[in-house]
$ cat start_17.tsv   # TSV, C-alpha atoms
chain	number	residue	atom	x	y	z
Q	530	MET	CA	105.67	131.36	87.19
Q	531	SER	CA	102.01	130.94	88.16
Q	532	GLY	CA	99.24	132.69	90.07
Q	533	PHE	CA	96.53	134.94	88.67
Q	534	VAL	CA	96.25	135.35	84.92
Q	535	GLU	CA	94.28	138.54	85.67
Q	536	LYS	CA	94.18	139.47	89.35
Q	537	PRO	CA	90.87	141.15	90.17
Q	538	GLU	CA	90.69	144.44	91.99
Q	539	PRO	CA	88.97	144.03	95.37
Q	540	VAL	CA	85.48	145.48	95.70
Q	541	GLN	CA	85.39	148.45	98.08
Q	542	VAL	CA	82.51	148.22	100.55
Q	543	PRO	CA	81.84	150.78	103.31
Q	544	GLY	CA	82.67	149.35	106.74
Q	545	LEU	CA	84.71	146.46	105.33
Q	546	THR	CA	88.49	146.18	105.16
Q	547	HIS	CA	89.83	143.99	102.35
Q	548	LEU	CA	92.28	141.42	103.77
Q	549	HIS	CA	93.10	138.98	101.00
Q	550	THR	CA	92.26	137.87	97.48
Q	551	GLY	CA	92.56	134.09	97.27
Q	552	LYS	CA	92.18	131.64	94.41
Q	553	VAL	CA	88.42	131.57	94.89
Q	554	ARG	CA	87.53	133.66	97.96
Q	555	ASP	CA	87.87	137.32	98.83
Q	556	LEU	CA	88.30	137.99	102.54
Q	557	TYR	CA	87.22	141.13	104.37
Q	558	GLN	CA	86.90	142.19	108.00
Q	559	ASN	CA	83.90	144.13	109.26
Q	560	GLU	CA	83.86	146.72	112.00
Q	561	ALA	CA	82.91	144.08	114.58
Q	562	GLY	CA	86.14	142.20	113.77
Q	563	GLU	CA	84.30	139.36	112.04
Q	564	LEU	CA	85.53	137.77	108.83
Q	565	VAL	CA	83.43	138.28	105.70
Q	566	MET	CA	84.18	135.57	103.14
Q	567	VAL	CA	82.91	135.95	99.58
Q	568	ALA	CA	83.14	132.97	97.21
Q	569	SER	CA	83.75	134.07	93.63
Q	570	ASP	CA	83.22	132.10	90.43
Q	571	ARG	CA	86.98	131.96	89.81
Q	572	MET	CA	88.47	128.64	88.73
Q	573	SER	CA	92.01	127.49	89.45
Q	574	ALA	CA	93.98	124.68	87.84
Q	575	TYR	CA	97.65	123.75	87.78
Q	576	ASP	CA	98.48	126.56	90.23
Q	577	TRP	CA	96.92	129.20	87.97
Q	578	VAL	CA	93.74	131.18	88.59
Q	579	LEU	CA	92.20	131.11	85.14
Q	580	PRO	CA	90.87	134.10	83.20
Q	581	THR	CA	87.47	132.41	82.72
Q	582	GLU	CA	84.89	132.09	85.49
Q	583	ILE	CA	82.36	129.29	86.00
Q	584	PRO	CA	78.89	130.81	86.56
Q	585	ASP	CA	77.27	129.96	89.94
Q	586	LYS	CA	80.39	128.16	91.17
Q	587	GLY	CA	80.78	130.40	94.22
Q	588	ARG	CA	77.15	129.90	95.20
Q	589	VAL	CA	77.44	126.12	94.83
Q	590	LEU	CA	80.49	126.08	97.10
Q	591	THR	CA	78.79	128.30	99.68
Q	592	ARG	CA	75.47	126.48	99.76
Q	593	LEU	CA	77.11	123.06	99.86
Q	594	SER	CA	79.48	124.10	102.66
Q	595	LEU	CA	76.52	125.31	104.73
Q	596	TRP	CA	74.73	121.99	104.14
Q	597	TRP	CA	77.77	120.07	105.37
Q	598	PHE	CA	78.42	122.36	108.36
Q	599	ASP	CA	74.91	121.51	109.62
Q	600	ARG	CA	75.61	117.77	109.38
Q	601	LEU	CA	78.98	117.95	111.14
Q	602	ALA	CA	78.17	120.36	113.97
Q	603	ASP	CA	77.97	117.61	116.61
Q	604	LEU	CA	81.52	116.53	115.72
Q	605	VAL	CA	83.16	119.97	115.53
Q	606	PRO	CA	81.78	123.54	115.67
Q	607	HIS	CA	82.04	125.70	112.56
Q	608	HIS	CA	82.91	129.33	111.99
Q	609	VAL	CA	79.74	130.61	110.29
Q	610	ILE	CA	77.81	133.38	112.05
Q	611	SER	CA	75.40	134.37	109.28
Q	612	THR	CA	74.87	134.59	105.53
Q	613	ASP	CA	73.79	138.26	105.66
Q	614	VAL	CA	75.16	140.42	102.88
Q	615	PRO	CA	76.83	143.52	104.37
Q	616	ALA	CA	75.12	146.84	103.72
Q	617	GLY	CA	76.52	148.52	100.63
Q	618	ALA	CA	77.90	145.29	99.13
Q	619	PRO	CA	77.13	144.38	95.50
Q	620	ALA	CA	73.89	142.47	94.91
Q	621	ASP	CA	76.02	139.69	93.38
Q	622	TRP	CA	77.32	138.85	96.88
Q	623	ALA	CA	73.96	137.27	97.75
Q	624	GLY	CA	74.30	133.51	98.16
Q	625	ARG	CA	78.08	133.58	98.16
Q	626	THR	CA	78.79	135.47	101.42
Q	627	LEU	CA	79.55	134.03	104.85
Q	628	VAL	CA	80.07	136.17	107.94
Q	629	CYS	CA	82.40	134.13	110.12
Q	630	LYS	CA	84.18	134.12	113.44
Q	631	SER	CA	87.72	135.42	113.33
Q	632	LEU	CA	89.91	132.50	114.37
Q	633	THR	CA	93.56	131.83	115.02
Q	634	MET	CA	94.10	129.59	112.01
Q	635	VAL	CA	96.19	126.43	112.15
Q	636	PRO	CA	98.91	126.67	109.46
Q	637	VAL	CA	98.23	123.18	108.13
Q	638	GLU	CA	95.97	121.74	105.44
Q	639	CYS	CA	94.29	118.78	107.12
Q	640	VAL	CA	93.85	116.14	104.42
Q	641	ALA	CA	92.03	112.84	104.84
Q	642	ARG	CA	92.38	110.10	102.25
Q	643	GLY	CA	90.28	106.98	101.92
Q	644	TYR	CA	91.46	106.12	98.42
Q	645	LEU	CA	94.78	106.30	96.63
Q	646	THR	CA	95.15	108.92	93.90
Q	647	GLY	CA	96.78	112.26	93.10
Q	648	SER	CA	99.95	113.21	94.95
Q	649	GLY	CA	99.42	110.25	97.29
Q	650	LEU	CA	99.59	107.84	94.37
Q	651	ALA	CA	102.79	109.48	93.09
Q	652	GLU	CA	104.50	109.03	96.48
Q	653	TYR	CA	103.16	105.48	96.84
Q	654	LYS	CA	104.68	104.48	93.50
Q	655	GLN	CA	108.09	105.67	94.69
Q	656	SER	CA	108.16	104.45	98.28
Q	657	ARG	CA	104.94	102.57	99.14
Q	658	THR	CA	104.14	105.42	101.53
Q	659	VAL	CA	101.89	108.50	101.67
Q	660	CYS	CA	103.18	111.32	103.88
Q	661	GLY	CA	105.55	108.76	105.37
Q	662	LEU	CA	102.76	106.30	106.26
Q	663	GLY	CA	103.47	102.80	105.00
Q	664	LEU	CA	100.85	101.17	102.78
Q	665	PRO	CA	100.51	97.58	101.53
Q	666	GLU	CA	101.77	96.39	98.16
Q	667	GLY	CA	99.43	95.98	95.22
Q	668	LEU	CA	97.48	99.25	95.35
Q	669	SER	CA	96.75	101.22	92.17
Q	670	ASP	CA	95.10	104.45	91.10
Q	671	GLY	CA	91.70	104.58	92.81
Q	672	SER	CA	92.31	101.72	95.27
Q	673	GLU	CA	90.47	101.95	98.58
Q	674	LEU	CA	92.93	102.14	101.47
Q	675	PRO	CA	92.74	99.63	104.34
Q	676	ALA	CA	91.61	102.55	106.54
Q	677	PRO	CA	91.42	106.33	106.04
Q	678	ILE	CA	94.68	108.17	106.71
Q	679	PHE	CA	95.59	111.69	107.82
Q	680	THR	CA	98.02	113.20	105.32
Q	681	PRO	CA	98.63	116.87	106.16
Q	682	ALA	CA	100.11	119.51	103.88
Q	683	THR	CA	101.57	122.96	104.26
Q	684	LYS	CA	99.41	125.87	103.12
Q	685	ALA	CA	100.76	127.53	99.99
Q	686	ALA	CA	100.36	131.04	98.64
Q	687	VAL	CA	98.39	131.64	95.43
Q	688	GLY	CA	100.45	130.19	92.58
Q	689	ASP	CA	102.37	127.75	94.76
Q	690	HIS	CA	101.79	124.07	95.47
Q	691	ASP	CA	100.73	122.74	98.86
Q	692	GLU	CA	103.47	120.37	100.02
Q	693	ASN	CA	102.68	117.09	101.77
Q	694	VAL	CA	104.36	116.79	105.16
Q	695	SER	CA	104.64	114.06	107.78
Q	696	TYR	CA	102.58	113.90	110.95
Q	697	GLU	CA	105.80	114.36	112.90
Q	698	GLU	CA	106.42	117.64	111.10
Q	699	VAL	CA	102.93	118.86	112.01
Q	700	ALA	CA	103.57	117.95	115.65
Q	701	ARG	CA	106.80	119.91	115.50
Q	702	GLN	CA	105.03	122.94	114.07
Q	703	VAL	CA	101.91	123.07	116.22
Q	704	GLY	CA	102.67	120.80	119.17
Q	705	ALA	CA	101.89	117.15	119.85
Q	706	GLU	CA	98.52	117.81	121.52
Q	707	THR	CA	97.20	119.99	118.69
Q	708	ALA	CA	98.52	117.59	116.04
Q	709	ALA	CA	96.68	114.69	117.69
Q	710	LEU	CA	93.47	116.75	117.88
Q	711	LEU	CA	93.75	117.70	114.20
Q	712	ARG	CA	94.24	114.10	113.14
Q	713	GLN	CA	91.39	112.80	115.29
Q	714	THR	CA	88.95	115.50	114.16
Q	715	THR	CA	89.93	115.27	110.48
Q	716	LEU	CA	89.36	111.51	110.38
Q	717	ALA	CA	86.09	111.76	112.33
Q	718	VAL	CA	84.69	114.38	109.95
Q	719	TYR	CA	85.91	112.45	106.90
Q	720	GLY	CA	84.28	109.27	108.20
Q	721	ARG	CA	80.92	110.99	108.73
Q	722	ALA	CA	81.04	112.66	105.31
Q	723	ARG	CA	82.19	109.48	103.53
Q	724	ASP	CA	79.19	107.58	104.91
Q	725	ILE	CA	76.73	110.33	103.96
Q	726	ALA	CA	78.16	110.56	100.44
Q	727	ARG	CA	78.15	106.78	100.04
Q	728	GLU	CA	74.40	106.67	100.80
Q	729	ARG	CA	73.95	109.02	97.85
Q	730	GLY	CA	76.04	106.97	95.42
Q	731	ILE	CA	79.20	109.07	95.72
Q	732	ILE	CA	82.67	108.02	96.85
Q	733	LEU	CA	84.51	110.66	98.88
Q	734	ALA	CA	88.03	109.73	97.84
Q	735	ASP	CA	89.82	112.46	99.78
Q	736	THR	CA	89.24	115.95	101.13
Q	737	LYS	CA	90.98	118.76	102.93
Q	738	PHE	CA	89.87	120.82	105.90
Q	739	GLU	CA	91.07	124.00	107.55
Q	740	PHE	CA	90.77	124.56	111.27
Q	741	GLY	CA	91.29	127.44	113.64
Q	742	PHE	CA	91.09	128.04	117.37
Q	743	GLU	CA	88.46	130.18	119.06
Q	744	ALA	CA	89.00	131.64	122.54
Q	745	THR	CA	86.17	130.75	124.94
Q	746	GLU	CA	85.66	131.06	128.70
Q	747	GLU	CA	86.63	127.41	129.02
Q	748	GLY	CA	89.76	127.86	126.91
Q	749	GLU	CA	90.55	127.47	123.24
Q	750	ARG	CA	88.41	125.17	121.11
Q	751	LEU	CA	88.98	123.81	117.63
Q	752	VAL	CA	86.63	125.17	114.94
Q	753	LEU	CA	86.07	124.01	111.34
Q	754	ALA	CA	86.66	126.91	108.93
Q	755	ASP	CA	86.78	127.96	105.28
Q	756	GLU	CA	84.80	125.76	102.87
Q	757	VAL	CA	84.04	122.12	103.58
Q	758	LEU	CA	83.47	119.06	101.41
Q	759	THR	CA	82.96	120.85	98.11
Q	760	PRO	CA	84.14	119.80	94.63
Q	761	ASP	CA	86.96	122.35	95.06
Q	762	SER	CA	88.29	120.80	98.27
Q	763	SER	CA	87.39	117.14	97.69
Q	764	ARG	CA	87.48	114.35	95.17
Q	765	PHE	CA	83.96	113.00	94.61
Q	766	TRP	CA	83.61	109.94	92.37
Q	767	PRO	CA	80.43	108.25	91.10
Q	768	ALA	CA	80.34	104.97	93.01
Q	769	ASP	CA	78.79	103.02	90.15
Q	770	GLN	CA	81.73	103.87	87.88
Q	771	TRP	CA	84.53	103.21	90.39
Q	772	GLN	CA	87.21	100.98	88.89
Q	773	PRO	CA	90.67	100.87	90.50
Q	774	GLY	CA	93.61	100.88	88.13
Q	775	ARG	CA	92.63	103.98	86.17
Q	776	ALA	CA	91.72	107.62	86.69
Q	777	GLN	CA	88.17	107.87	88.02
Q	778	PRO	CA	85.35	110.02	86.65
Q	779	SER	CA	84.74	112.84	89.10
Q	780	TYR	CA	82.46	115.71	90.08
Q	781	ASP	CA	84.98	118.53	89.93
Q	782	LYS	CA	87.17	120.59	87.61
Q	783	GLN	CA	88.38	117.61	85.56
Q	784	PHE	CA	86.84	119.02	82.37
Q	785	VAL	CA	89.03	122.09	82.86
Q	786	ARG	CA	92.20	120.09	83.54
Q	787	ASP	CA	91.56	117.79	80.58
Q	788	TRP	CA	91.05	120.68	78.15
Q	789	LEU	CA	94.08	122.63	79.41
Q	790	THR	CA	96.36	119.62	78.83
Q	791	SER	CA	94.81	118.73	75.45
Q	792	PRO	CA	96.16	119.86	72.06
Q	793	ALA	CA	93.00	121.96	71.67
Q	794	SER	CA	94.18	124.47	74.28
Q	795	GLY	CA	97.61	124.95	72.72
Q	796	TRP	CA	99.00	125.48	76.24
Q	797	ASP	CA	102.17	123.93	77.66
Q	798	ARG	CA	101.74	123.67	81.42
Q	799	THR	CA	105.52	123.37	81.84
Q	800	SER	CA	106.05	126.77	80.27
Q	801	GLU	CA	105.82	130.10	82.05
Q	802	GLN	CA	102.99	131.23	79.81
Q	803	PRO	CA	99.58	131.72	81.45
Q	804	PRO	CA	96.78	129.38	80.38
Q	805	PRO	CA	94.23	130.55	77.81
Q	806	ALA	CA	90.55	131.36	78.30
Q	807	LEU	CA	88.21	128.36	78.49
Q	808	PRO	CA	85.81	127.60	75.64
Q	809	GLN	CA	82.09	127.84	76.41
Q	810	GLU	CA	81.52	124.08	76.22
Q	811	VAL	CA	84.11	123.47	78.95
Q	812	VAL	CA	82.55	126.20	81.10
Q	813	ASP	CA	79.07	124.70	80.67
Q	814	ALA	CA	80.21	121.12	81.38
Q	815	THR	CA	82.12	122.19	84.50
Q	816	ARG	CA	79.18	124.20	85.85
Q	817	ALA	CA	76.91	121.19	85.26
Q	818	LYS	CA	79.25	118.90	87.22
Q	819	TYR	CA	79.37	121.22	90.23
Q	820	ILE	CA	75.59	121.50	90.26
Q	821	GLU	CA	75.18	117.74	89.81
Q	822	ALA	CA	77.41	117.13	92.83
Q	823	TYR	CA	75.33	119.57	94.89
Q	824	GLU	CA	72.04	117.99	93.86
Q	825	LEU	CA	73.18	114.40	94.42
Q	826	LEU	CA	74.64	115.13	97.85
Q	827	THR	CA	71.85	117.31	99.21
Q	828	GLY	CA	68.94	115.64	97.46
Q	829	THR	CA	67.60	119.05	96.43
Q	830	ASN	CA	67.32	120.89	93.12
Q	831	TRP	CA	69.81	123.67	92.53
Q	832	GLN	CA	67.18	126.29	91.66
$ encode --input "start_17.tsv" --output "structure tokens"
Amino acid sequence: MSGFVEKPEPVQVPGLTHLHTGKVRDLYQNEAGELVMVASDRMSAYDWVLPTEIPDKGRVLTRLSLWWFDRLADLVPHHVISTDVPAGAPADWAGRTLVCKSLTMVPVECVARGYLTGSGLAEYKQSRTVCGLGLPEGLSDGSELPAPIFTPATKAAVGDHDENVSYEEVARQVGAETAALLRQTTLAVYGRARDIARERGIILADTKFEFGFEATEEGERLVLADEVLTPDSSRFWPADQWQPGRAQPSYDKQFVRDWLTSPASGWDRTSEQPPPALPQEVVDATRAKYIEAYELLTGTNWQ
């Protein structure tokens, strides 16, 4: 069993209809039919949404996503309409709210990988493939791939694992033309972001995107949605510490994962027991990593 240790009650706001409580984001619809997306400070790990929040995390994700959307707009349009906080919403929503276009979402996580790690490494060790794509011999944890690859996954509910699928399965689900467009756009956006991050001393090892379709007078067009290129959706590694053959230092929730799997937590991730609350030092270190990633990428101070 997994999911929320303590599922929060949705905030009731006049004029907004609550649609969904996700691992990190709460989704509402306003009276104009637009999506209102609020990024919380919730932290997830090992398919659990933890009982301890990371202060400012939601604002980091929101501000960083907006920064990236601006730098990718010539490649693919995004879904953000405004950052206005709806009337009657809590003051805490400031800086973590996006009012977005309502899209017909593609039911696929669009993952781009430039380096071998995570679930890709596990599959490579078994079959020398990732999502059915053959890779050369001799790669190890953290190895740069000969070229970036598109490795899609199915979207999972809270508490479930996304499952890697083949490109052929995506084409079967959404059609060959849409599958080709998803692959092309995913790799183009990854390539742009990888180069920007590299200039700032950061390796973008892999990342995942979500897309939807918007109806226009000219027909449907693909739109980049949800969050983009944050420490929650990407693996960012310090370039000066990159060393294939081992797990890489990263700007993400690794402090949380490491503590949860250490004897200090007393938690067995293979059990059905929910994970414990995080100690303050893990909270502080994780918050610092998220802010460090923001500052390095954007070149601006957090405050």
$ atom_distance --input "start_17.tsv" --atom1 "atom CA of Q:Thr736" --atom2 "atom CA of Q:Asp621"
28.3 Å
$ closest_residue --input "start_17.tsv" --among "Q:Gln783, Q:Leu604, Q:Ile731, Q:Phe740" --to "Q:Gln770" --atoms "all atoms listed in the file"
Q:Ile731
$ closest_residue --input "start_17.tsv" --among "Q:Glu535, Q:Met572, Q:Val567, Q:Arg642" --to "Q:Leu548" --atoms "all atoms listed in the file"
Q:Val567
$ residues_around --input "start_17.tsv" --residues "Q:Arg600" --least-positions-apart "3" --cutoff "12 Å" --atoms "all atoms listed in the file" --output "PDB file with C-alpha atoms, keeping the file's coordinate frame"
ATOM      1  CA  LEU Q 593      77.110 123.060  99.860  1.00  0.00           C
ATOM      2  CA  SER Q 594      79.480 124.100 102.660  1.00  0.00           C
ATOM      3  CA  LEU Q 595      76.520 125.310 104.730  1.00  0.00           C
ATOM      4  CA  TRP Q 596      74.730 121.990 104.140  1.00  0.00           C
ATOM      5  CA  TRP Q 597      77.770 120.070 105.370  1.00  0.00           C
ATOM      6  CA  ASP Q 603      77.970 117.610 116.610  1.00  0.00           C
ATOM      7  CA  LEU Q 604      81.520 116.530 115.720  1.00  0.00           C
ATOM      8  CA  VAL Q 605      83.160 119.970 115.530  1.00  0.00           C
ATOM      9  CA  PRO Q 606      81.780 123.540 115.670  1.00  0.00           C
ATOM     10  CA  HIS Q 607      82.040 125.700 112.560  1.00  0.00           C
ATOM     11  CA  VAL Q 718      84.690 114.380 109.950  1.00  0.00           C
ATOM     12  CA  TYR Q 719      85.910 112.450 106.900  1.00  0.00           C
ATOM     13  CA  ARG Q 721      80.920 110.990 108.730  1.00  0.00           C
ATOM     14  CA  ALA Q 722      81.040 112.660 105.310  1.00  0.00           C
ATOM     15  CA  ASP Q 724      79.190 107.580 104.910  1.00  0.00           C
ATOM     16  CA  ILE Q 725      76.730 110.330 103.960  1.00  0.00           C
ATOM     17  CA  ALA Q 726      78.160 110.560 100.440  1.00  0.00           C
ATOM     18  CA  VAL Q 757      84.040 122.120 103.580  1.00  0.00           C
ATOM     19  CA  LEU Q 758      83.470 119.060 101.410  1.00  0.00           C
ATOM     20  CA  LEU Q 826      74.640 115.130  97.850  1.00  0.00           C
ATOM     21  CA  THR Q 827      71.850 117.310  99.210  1.00  0.00           C
TER      22      THR Q 827
END
$ closest_residue --input "start_17.tsv" --among "Q:Ser611, Q:Thr646, Q:Thr546, Q:Thr745" --to "Q:Ser672" --atoms "only C-alpha atoms"
Q:Thr646
$ closest_residue --input "start_17.tsv" --among "Q:Thr715, Q:Thr591, Q:Tyr575, Q:Gly551" --to "Q:Ser800" --atoms "all atoms listed in the file"
Q:Tyr575
$ atom_distance --input "start_17.tsv" --atom1 "atom CA of Q:Arg798" --atom2 "atom CA of Q:Ala776"
19.6 Å
$ closest_residue --input "start_17.tsv" --among "Q:Ile583, Q:Ala616, Q:Val578, Q:Leu751" --to "Q:Thr550" --atoms "all atoms listed in the file"
Q:Val578
$ closest_residue --input "start_17.tsv" --among "Q:Val589, Q:Ile610, Q:Val659, Q:Val565" --to "Q:Gly544" --atoms "only C-alpha atoms"
Q:Val565
$ residues_around --input "start_17.tsv" --residues "Q:Tyr696" --least-positions-apart "2" --cutoff "10 Å" --atoms "only C-alpha atoms" --output "CSV table (one decimal) with C-alpha atoms, in the coordinates of the input"
chain,number,residue,atom,x,y,z
Q,660,CYS,CA,103.2,111.3,103.9
Q,661,GLY,CA,105.6,108.8,105.4
Q,662,LEU,CA,102.8,106.3,106.3
Q,679,PHE,CA,95.6,111.7,107.8
Q,680,THR,CA,98.0,113.2,105.3
Q,681,PRO,CA,98.6,116.9,106.2
Q,682,ALA,CA,100.1,119.5,103.9
Q,693,ASN,CA,102.7,117.1,101.8
Q,694,VAL,CA,104.4,116.8,105.2
Q,698,GLU,CA,106.4,117.6,111.1
Q,699,VAL,CA,102.9,118.9,112.0
Q,700,ALA,CA,103.6,118.0,115.6
Q,701,ARG,CA,106.8,119.9,115.5
Q,702,GLN,CA,105.0,122.9,114.1
Q,705,ALA,CA,101.9,117.2,119.8
Q,708,ALA,CA,98.5,117.6,116.0
Q,709,ALA,CA,96.7,114.7,117.7
Q,712,ARG,CA,94.2,114.1,113.1
